[in-house]
Amino acid sequence: MQQPRGGVDEAPPADDLAGRTQKGLEGAVVVVTGCSRGMGPGWVKVLLGEGCTVIATFRSKVSALLEDLKGEFGSKLHNMQLDVGSEESIAAFAERLPTVVDKVDILVNNAGIGEANDPLMEVSGAFLKDCFAVNTVGPTLLIQKLVPLMKNSSVFKTIVNVNSDLGSLAVATMAAKNPSNTQITACAYRVSKAALSMVTASMARELAEDSFIVITISPGHVDTDMGHLPAPGRPKPTLSVEDSVRGMLRVIRCLSPADNCSFWKYNG
């Protein structure tokens with residue numbers, strides 16, 4: 001699996017995506033989890049603007065924004081309840097989905113939870129379990145359930161696990177060896193996202209024979225509620241949701257089977 005490349009908010013490396021063919025998104029069916037807040041609404045708006053049919057999931061109550069988008073885009077948007085932290089909810093969602101669409105081209109495991117200031121020496125077992133339930137176990141079970149519909153895709157068959165540089169063992173190792181770096185943040189989030197990277201690698205191997213492309217991608221330090229969670233020494237985010245999503249979609253458009261089991265940044 002490739003390691004994250006460059007700084008969080010750098011321009012795309014010239015040799016990563018330049019010259020690649022970009023697949024069209026119009027007509028693609030995309031499932032995006034965690035659409036009530038954070039990055040989710042940005043994914044939905046940009047994908048709808050690209051001509052996709054979007055299955056936008058929400059945990060408990062559909063947001064006013066998703067309702068407004070439903071009014072604007074009609075049958076192109078399906079707002080569906082899904083608690084990624086609940087195995088029963090995942091099973092119920094997967095059972096309903098074939099009554100709405102006959103294929104899924106792209107799955108974006110976007111839902112996630114975390115706290116900024118939670119050193120592992122202090123974090124509770126309950127919160128650690130919650131992070132693994134939503135950030136690691138939920139995406140795994142959802143992939144299991146949606147693979148049959150994704151096999152009907154003729155173009156993409158792409159699974160995108162939204163991750164973070166914070167979940168990178170290479171980044172964590174460099175930080176631990178840097179005596180001037182005293183920042184200890186989002187530790188429960190970090191370990192659950194590191195586990196998601198292993199989920200990505202394992203699923204990529206298991207699904208390779210069916211021509212799936214399974215990747216994990218860092219959206220950068222984005223201007224969302226989670227991005228602004230306070231912690232000692234943590235800088236403020238400067239990247240907009242729209243710019244992050246458009247960058248990640250550029251990566252997705254350019255993917256080929258050779259990119260199965262790879263780690264990307266939003267900018268390449």
# chains A, B, ... in the order shown; residues from 1 in each chain; ligands from 1
>>> residues_around(residues="region 57-73 of chain A", least_positions_apart="4", cutoff="12 Å", atoms="only C-alpha atoms", output="ChimeraX atom specification")
/A:30-38,40-53,77-86,89-90,93-94,97,107-112,134
>>> residues_around(residues="Tyr266 (chain A)", least_positions_apart="2", cutoff="6 Å", atoms="only C-alpha atoms", output="PyMOL selection string")
chain A and resi 218-219+244+247-248+268
>>> closest_residue(among="A:Thr238, A:Ser211, A:Gln144, A:Asn135", to="Ala194 (chain A)", atoms="only C-alpha atoms")
A:Asn135
>>> select_by_dssp(residues="region 60-247 of chain A", states="strand (DSSP E)", output="list in words")
Leu77, His78, Asn79, Met80, Gln81, Ile106, Leu107, Val108, Asn109, Thr158, Ile159, Val160, Asn161, Val162, Ile213, Val214, Ile215, Thr216, Ile217 and Ser218 of chain A
>>> closest_residue(among="A:Trp264, A:Ala195, A:Gly138, A:Lys145", to="Arg96 (chain A)", atoms="only C-alpha atoms")
A:Lys145
>>> closest_residue(among="A:Gly220, A:Pro119, A:Pro139, A:Pro257", to="Ala186 (chain A)", atoms="only C-alpha atoms")
A:Pro119
>>> atom_distance(atom1="CA of Lys193 (chain A)", atom2="CA of Arg246 (chain A)")
22.0 Å
>>> select_by_dssp(residues="region 45-194 of chain A", states="alpha helix (DSSP H)", output="number ranges by chain")
A: 45-49, 64-73, 87-96, 125-132, 138-150, 169-176, 187-194
>>> closest_residue(among="A:Ile113, A:Leu255, A:Leu120, A:Val147", to="Phe132 (chain A)", atoms="only C-alpha atoms")
A:Ile113
>>> atom_distance(atom1="CA of Val123 (chain A)", atom2="CA of Leu196 (chain A)")
19.5 Å
>>> residues_around(residues="Cys187 (chain A)", least_positions_apart="2", cutoff="12 Å", atoms="only C-alpha atoms", output="ChimeraX atom specification")
/A:113-124,127-128,131-132,166-168,172,183-185,189-194,231
